[in-house]
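Visitor: As input, take final07.txt (compact mmCIF, C-alpha atoms):
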```txt
# COMPACT_ATOMS: atom_id res chain seq x y z
CA MET L 1 0.00 0.00 0.00
CA LEU L 2 2.78 2.42 0.94
CA SER L 3 6.19 2.48 -0.69
CA VAL L 4 9.01 4.73 0.51
CA GLU L 5 11.86 4.90 -1.97
CA ARG L 6 15.23 6.48 -1.10
CA LEU L 7 13.55 9.20 0.96
CA THR L 8 15.96 12.00 1.85
CA LYS L 9 15.21 15.11 3.89
CA ARG L 10 17.84 17.80 4.37
CA PHE L 11 17.73 20.88 6.55
CA GLY L 12 20.49 23.05 5.15
CA GLY L 13 23.59 20.87 5.24
CA LEU L 14 22.09 18.38 7.71
CA ALA L 15 20.55 15.16 6.37
CA ALA L 16 17.85 14.12 8.85
CA ASN L 17 16.91 11.19 6.56
CA GLU L 18 19.04 9.74 3.79
CA ASP L 19 18.01 7.07 1.28
CA VAL L 20 15.30 5.65 3.57
CA SER L 21 13.35 2.84 1.86
CA PHE L 22 10.66 0.49 3.19
CA GLU L 23 7.17 -0.74 2.34
CA VAL L 24 3.93 -1.14 4.27
CA GLY L 25 1.34 -3.72 3.25
CA ARG L 26 -2.39 -3.42 3.88
CA GLY L 27 -3.22 -4.07 7.52
CA GLU L 28 0.46 -4.46 8.41
CA ILE L 29 2.09 -3.12 11.60
CA ILE L 30 5.57 -1.71 11.01
CA GLY L 31 7.71 -0.71 13.98
CA LEU L 32 10.04 2.22 13.28
CA ILE L 33 12.75 2.31 15.94
CA GLY L 34 16.15 3.83 16.56
CA PRO L 35 18.03 6.05 19.01
CA ASN L 36 17.02 9.64 19.68
CA GLY L 37 17.91 11.83 16.71
CA ALA L 38 17.80 8.91 14.26
CA GLY L 39 15.24 10.68 12.06
CA LYS L 40 12.09 8.71 12.91
CA THR L 41 9.76 11.68 13.38
CA THR L 42 11.17 13.33 10.26
CA VAL L 43 10.06 10.25 8.30
CA PHE L 44 6.59 10.67 9.81
CA ASN L 45 6.51 14.33 8.88
CA SER L 46 7.39 13.48 5.28
CA LEU L 47 4.80 10.68 5.09
CA ALA L 48 2.06 12.89 6.56
CA GLY L 49 2.85 15.86 4.32
CA PHE L 50 4.35 18.18 6.94
CA PHE L 51 7.79 18.15 5.28
CA PRO L 52 8.28 17.86 1.51
CA PRO L 53 11.16 15.42 0.92
CA SER L 54 14.41 16.81 -0.50
CA SER L 55 14.54 13.79 -2.79
CA GLY L 56 13.14 10.30 -3.11
CA GLN L 57 9.57 9.15 -3.58
CA ILE L 58 6.55 8.18 -1.51
CA ARG L 59 3.85 6.15 -3.24
CA LEU L 60 0.39 5.32 -1.93
CA ASP L 61 -1.30 2.54 -3.89
CA GLY L 62 1.32 3.11 -6.58
CA GLN L 63 0.58 6.83 -6.95
CA PRO L 64 3.30 9.41 -6.11
CA VAL L 65 2.29 11.54 -3.11
CA ALA L 66 5.59 13.05 -1.94
CA GLY L 67 5.18 16.74 -1.21
CA LEU L 68 1.39 16.72 -0.92
CA PRO L 69 0.19 18.86 2.03
CA PRO L 70 -1.18 17.26 5.23
CA GLU L 71 -4.84 17.86 4.34
CA ARG L 72 -4.41 16.03 1.03
CA MET L 73 -2.60 13.13 2.70
CA ALA L 74 -5.37 12.91 5.29
CA ALA L 75 -8.00 12.89 2.55
CA LEU L 76 -6.09 10.04 0.86
CA GLY L 77 -6.22 8.00 4.06
CA VAL L 78 -3.04 8.84 6.02
CA ALA L 79 -3.62 10.02 9.61
CA ARG L 80 -1.13 10.56 12.42
CA THR L 81 -0.58 11.27 16.09
CA PHE L 82 2.23 13.40 17.52
CA GLN L 83 5.17 12.68 19.82
CA ILE L 84 4.07 15.61 21.99
CA VAL L 85 0.30 15.33 22.33
CA ARG L 86 -1.62 17.99 20.41
CA ILE L 87 -5.19 18.07 21.63
CA PHE L 88 -7.59 21.02 21.97
CA LYS L 89 -7.69 21.30 25.75
CA SER L 90 -10.42 23.96 25.81
CA MET L 91 -12.77 21.64 23.88
CA THR L 92 -14.57 18.53 25.05
CA VAL L 93 -13.35 15.05 24.20
CA LEU L 94 -16.22 14.66 21.73
CA GLU L 95 -15.46 17.99 20.03
CA ASN L 96 -11.78 16.98 19.64
CA VAL L 97 -12.79 13.82 17.80
CA MET L 98 -15.34 15.70 15.69
CA VAL L 99 -12.43 17.71 14.26
CA GLY L 100 -11.14 14.48 12.70
CA ALA L 101 -14.58 13.26 11.70
CA MET L 102 -15.29 16.46 9.77
CA LEU L 103 -12.65 15.52 7.22
CA HIS L 104 -15.26 13.32 5.56
CA HIS L 105 -18.46 14.32 7.38
CA ARG L 106 -19.05 18.07 7.15
CA ALA L 107 -22.60 17.99 8.53
CA VAL L 108 -22.51 18.31 12.33
CA PRO L 109 -24.91 15.42 13.11
CA ALA L 110 -22.90 13.07 10.90
CA ALA L 111 -19.62 14.21 12.49
CA ILE L 112 -21.06 13.66 15.97
CA GLY L 113 -22.15 10.15 15.01
CA LYS L 114 -18.74 9.27 13.58
CA ALA L 115 -16.96 10.76 16.60
CA ARG L 116 -19.09 8.78 19.04
CA GLU L 117 -18.42 5.59 17.08
CA ALA L 118 -14.67 6.21 17.31
CA LEU L 119 -14.91 6.98 21.03
CA ARG L 120 -16.75 3.71 21.68
CA PHE L 121 -14.08 1.82 19.75
CA THR L 122 -11.23 3.27 21.83
CA GLY L 123 -13.10 3.16 25.14
CA LEU L 124 -13.26 6.92 25.70
CA ASP L 125 -17.01 7.27 25.20
CA ARG L 126 -17.60 7.73 28.95
CA ARG L 127 -15.42 10.87 28.82
CA ALA L 128 -17.12 12.34 25.73
CA GLY L 129 -18.55 15.39 27.50
CA ASP L 130 -15.49 16.13 29.65
CA PRO L 131 -13.00 18.89 28.82
CA ALA L 132 -9.94 17.35 27.20
CA SER L 133 -7.78 19.16 29.77
CA GLN L 134 -9.12 16.81 32.47
CA LEU L 135 -7.82 13.64 30.81
CA THR L 136 -4.85 11.69 32.15
CA VAL L 137 -1.70 11.43 30.02
CA ALA L 138 -2.76 7.96 28.84
CA GLU L 139 -6.25 9.22 27.98
CA GLN L 140 -4.84 12.22 26.09
CA LYS L 141 -2.72 9.88 23.98
CA ARG L 142 -5.76 7.70 23.36
CA LEU L 143 -7.77 10.80 22.40
CA GLU L 144 -5.23 11.61 19.70
CA VAL L 145 -5.52 8.08 18.35
CA THR L 146 -9.32 8.38 18.44
CA ARG L 147 -9.27 11.68 16.54
CA ALA L 148 -6.97 10.14 13.92
CA LEU L 149 -9.29 7.12 13.57
CA ALA L 150 -12.24 9.47 13.04
CA CYS L 151 -10.45 10.58 9.84
CA GLU L 152 -11.13 7.04 8.55
CA PRO L 153 -7.50 6.27 7.65
CA ARG L 154 -6.08 3.33 5.75
CA LEU L 155 -2.65 4.09 7.22
CA LEU L 156 -2.18 5.30 10.79
CA LEU L 157 1.12 6.84 11.90
CA LEU L 158 1.56 6.48 15.67
CA ASP L 159 4.38 8.56 17.17
CA GLU L 160 5.38 7.25 20.63
CA THR L 161 1.86 6.67 21.89
CA MET L 162 3.19 4.37 24.64
CA ALA L 163 5.87 6.71 26.02
CA GLY L 164 5.37 7.67 29.66
CA LEU L 165 2.67 5.07 30.30
CA THR L 166 2.51 2.53 33.11
CA GLN L 167 2.92 -1.16 32.34
CA ASN L 168 -0.86 -1.69 32.43
CA GLU L 169 -1.43 1.35 30.20
CA VAL L 170 1.15 0.06 27.72
CA GLN L 171 -0.70 -3.24 27.52
CA GLU L 172 -3.98 -1.40 26.92
CA ALA L 173 -2.31 0.58 24.13
CA VAL L 174 -0.96 -2.64 22.60
CA GLU L 175 -4.45 -4.17 22.61
CA LEU L 176 -5.86 -1.06 20.93
CA VAL L 177 -3.27 -1.21 18.13
CA LYS L 178 -4.10 -4.88 17.58
CA ARG L 179 -7.82 -4.05 17.33
CA ILE L 180 -7.01 -1.25 14.87
CA GLN L 181 -5.06 -3.73 12.74
CA ALA L 182 -8.02 -6.13 12.90
CA ARG L 183 -10.03 -3.43 11.11
CA GLY L 184 -7.62 -3.66 8.19
CA ILE L 185 -5.82 -0.40 9.02
CA ALA L 186 -2.05 -0.44 8.52
CA CYS L 187 0.07 1.15 11.26
CA VAL L 188 3.58 2.56 11.29
CA VAL L 189 4.59 2.90 14.93
CA VAL L 190 7.51 4.96 16.21
CA GLU L 191 8.23 3.58 19.64
CA HIS L 192 10.93 3.34 22.31
CA VAL L 193 8.87 0.97 24.50
CA MET L 194 10.18 -2.29 23.08
CA GLU L 195 7.87 -4.51 25.13
CA GLY L 196 5.00 -2.67 23.46
CA ILE L 197 6.01 -2.79 19.79
CA MET L 198 8.12 -5.96 19.47
CA PRO L 199 5.30 -8.48 20.14
CA ILE L 200 2.83 -6.91 17.69
CA ALA L 201 4.95 -5.66 14.78
CA ASP L 202 4.98 -7.67 11.57
CA ARG L 203 8.30 -6.06 10.65
CA MET L 204 10.73 -3.60 12.20
CA VAL L 205 12.63 -0.83 10.42
CA VAL L 206 15.64 0.46 12.34
CA LEU L 207 17.09 3.93 11.73
CA GLU L 208 20.44 5.29 12.85
CA ARG L 209 21.72 8.73 11.86
CA GLY L 210 18.93 9.05 9.32
CA ARG L 211 19.65 5.78 7.50
CA VAL L 212 18.01 2.34 7.59
CA ILE L 213 20.42 -0.12 9.22
CA ALA L 214 18.01 -3.09 9.45
CA ASN L 215 14.60 -4.18 8.19
CA GLY L 216 12.98 -7.48 9.09
CA PRO L 217 10.91 -9.56 11.55
CA PRO L 218 11.14 -8.50 15.22
CA ARG L 219 13.10 -11.55 16.39
CA ALA L 220 15.69 -11.16 13.63
CA ILE L 221 16.01 -7.46 14.48
CA ALA L 222 16.43 -8.21 18.19
CA GLU L 223 19.25 -10.64 17.39
CA ASP L 224 20.98 -8.42 14.82
CA PRO L 225 24.38 -7.44 16.29
CA VAL L 226 24.37 -4.13 14.39
CA VAL L 227 21.00 -3.18 15.93
CA VAL L 228 22.04 -4.35 19.38
CA ALA L 229 25.20 -2.25 19.22
CA ALA L 230 23.44 0.81 17.84
CA TYR L 231 20.24 0.82 19.86
CA LEU L 232 18.89 -2.11 21.85
CA GLY L 233 21.93 -2.82 24.03
CA GLU L 234 23.34 -6.15 25.17
CA GLU L 235 20.84 -6.40 28.03
CA TYR L 236 17.85 -6.57 25.64
CA ARG L 237 16.27 -9.95 25.18
CA ALA L 238 14.01 -10.78 22.26
CA PRO L 239 10.35 -11.58 23.07
CA GLY L 240 9.34 -15.22 23.09
CA PRO L 241 7.71 -16.85 20.04
```
Taking this structure as input, can you express it in the form of structure tokens?
Guide:
Amino acid sequence: MLSVERLTKRFGGLAANEDVSFEVGRGEIIGLIGPNGAGKTTVFNSLAGFFPPSSGQIRLDGQPVAGLPPERMAALGVARTFQIVRIFKSMTVLENVMVGAMLHHRAVPAAIGKAREALRFTGLDRRAGDPASQLTVAEQKRLEVTRALACEPRLLLLDETMAGLTQNEVQEAVELVKRIQARGIACVVVEHVMEGIMPIADRMVVLERGRVIANGPPRAIAEDPVVVAAYLGEEYRAPGP
């Protein structure tokens, strides 16, 4: 569904991404990992239309989409969350999700219906009338996912949605991603919480200094000496089968 071909993004003389290539199949979960500063969020920004690539190509269903603005990418079925949560704290939980729903449902009653459906799916329906500012950190992260789902994406870009969560909250986030995948929605997940992403990813793409250093199944990635040296560390143990 998504093909990234030799994606390069430069800021002046600095290459944040260089020759990054990977593919995402329909309904597939791809883990995008690497040390801080590896260029993971820059890849997200290019995929979502926030940064036009300096070179390379992004194809969605075979059609070139590199350089399209965020609203066009959203309309084509690419939605995202942010590493630092961006919710409208002065609005209710329901109103936040309606913002996403209005991408395809401009009439208010239809947007409300779609927003409530998304809130039921993610388990936030009981907080629908509450101000978003009253949500916990875990709930705020889930609200961002809910708003993105209300855009009716085919590809969901999740940027560190498990960071800062308790062990129980991480497990709840993992279950939500699995249920999203069960709906046929592909996910690319930037994550540092390895116990969250390793068990559910179909494949892992590892970045270091803006380049892909490994791409493969989670167990192979966890046992790759280059990845261990660059990121995971000797103390990391691969998840069981």
Visitor: What gap, in Å, lies between atom CA of Glu18 of chain L and atom CA of Arg59 of chain L?
Guide: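 Those two atoms sit 17.1 Å apart.
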Visitor: Grab the atom CA of Leu156 of chain L to atom CA of Arg179 of chain L distance for me, in Å with one decimal place.
Guide: 12.7 Å
Visitor: Need the neighbours of (-5.4, -0.3, 17.7): which residues are at most 10 Å away, counting only C-alpha atoms, as a ChimeraX atom specification?
Guide: /L:121-122,142,145-146,149,156,158,172-183,185-187
Visitor: The selected residues should be written to file as a short mmCIF file (atom, residue, chain, number, x, y, z; two decimals), in the frame of the given file (atoms: C-alpha atoms).
Guide:
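Contents of out16.cif, freshly written:
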```
data_model
loop_
_atom_site.label_atom_id
_atom_site.label_comp_id
_atom_site.auth_asym_id
_atom_site.auth_seq_id
_atom_site.Cartn_x
_atom_site.Cartn_y
_atom_site.Cartn_z
CA PHE L 121 -14.08 1.82 19.75
CA THR L 122 -11.23 3.27 21.83
CA ARG L 142 -5.76 7.70 23.36
CA VAL L 145 -5.52 8.08 18.35
CA THR L 146 -9.32 8.38 18.44
CA LEU L 149 -9.29 7.12 13.57
CA LEU L 156 -2.18 5.30 10.79
CA LEU L 158 1.56 6.48 15.67
CA GLU L 172 -3.98 -1.40 26.92
CA ALA L 173 -2.31 0.58 24.13
CA VAL L 174 -0.96 -2.64 22.60
CA GLU L 175 -4.45 -4.17 22.61
CA LEU L 176 -5.86 -1.06 20.93
CA VAL L 177 -3.27 -1.21 18.13
CA LYS L 178 -4.10 -4.88 17.58
CA ARG L 179 -7.82 -4.05 17.33
CA ILE L 180 -7.01 -1.25 14.87
CA GLN L 181 -5.06 -3.73 12.74
CA ALA L 182 -8.02 -6.13 12.90
CA ARG L 183 -10.03 -3.43 11.11
CA ILE L 185 -5.82 -0.40 9.02
CA ALA L 186 -2.05 -0.44 8.52
CA CYS L 187 0.07 1.15 11.26
#
```
Visitor: If I take atom CA of Asn215 of chain L and atom CA of Ala74 of chain L, how far is one from the other in Å, to one decimal?
Guide: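 Taking atom CA of Asn215 of chain L and atom CA of Ala74 of chain L, their separation equals 26.4 Å.
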Visitor: Using only C-alpha atoms, which of L:Leu157, L:Met1, L:Val24, L:Val85 sits nearest Lys40 of chain L?
Guide: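 The answer is L:Leu157, which sits nearest to Lys40 of chain L.
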Visitor: Place a sphere of radius 7 Å on (19.3, 8.3, 8.0) in the file coordinates and name every protein, DNA or RNA residue with an atom inside or on its surface, counting only C-alpha atoms; give the answer as a PyMOL selection string.
Guide: chain L and resi 16-20+38-39+207-212
Visitor: Restrict the calculation to all atoms listed in the file, then for each residue of segment 115-162 of chain L with any atom at most 8 Å from an atom of segment 94-111 of chain L give the closest atom pair and their distance in Å to one decimal, rows by chain and rising residue number, as a Markdown table.
Guide:
```
| residue | atom | partner | partner_atom | distance |
| --- | --- | --- | --- | --- |
| L:Ala115 | CA | L:Met98 | CA | 5.3 |
| L:Arg116 | CA | L:Leu94 | CA | 7.1 |
| L:Ala118 | CA | L:Val97 | CA | 7.9 |
| L:Leu119 | CA | L:Leu94 | CA | 7.8 |
| L:Ala128 | CA | L:Leu94 | CA | 4.7 |
| L:Gly129 | CA | L:Leu94 | CA | 6.3 |
| L:Ala132 | CA | L:Asn96 | CA | 7.8 |
| L:Leu143 | CA | L:Val97 | CA | 7.4 |
| L:Thr146 | CA | L:Val97 | CA | 6.5 |
| L:Arg147 | CA | L:Val97 | CA | 4.3 |
| L:Ala148 | CA | L:Gly100 | CA | 6.1 |
| L:Leu149 | CA | L:Gly100 | CA | 7.6 |
| L:Ala150 | CA | L:Ala101 | CA | 4.7 |
| L:Cys151 | CA | L:Gly100 | CA | 4.9 |
| L:Glu152 | CA | L:Ala101 | CA | 7.8 |
```
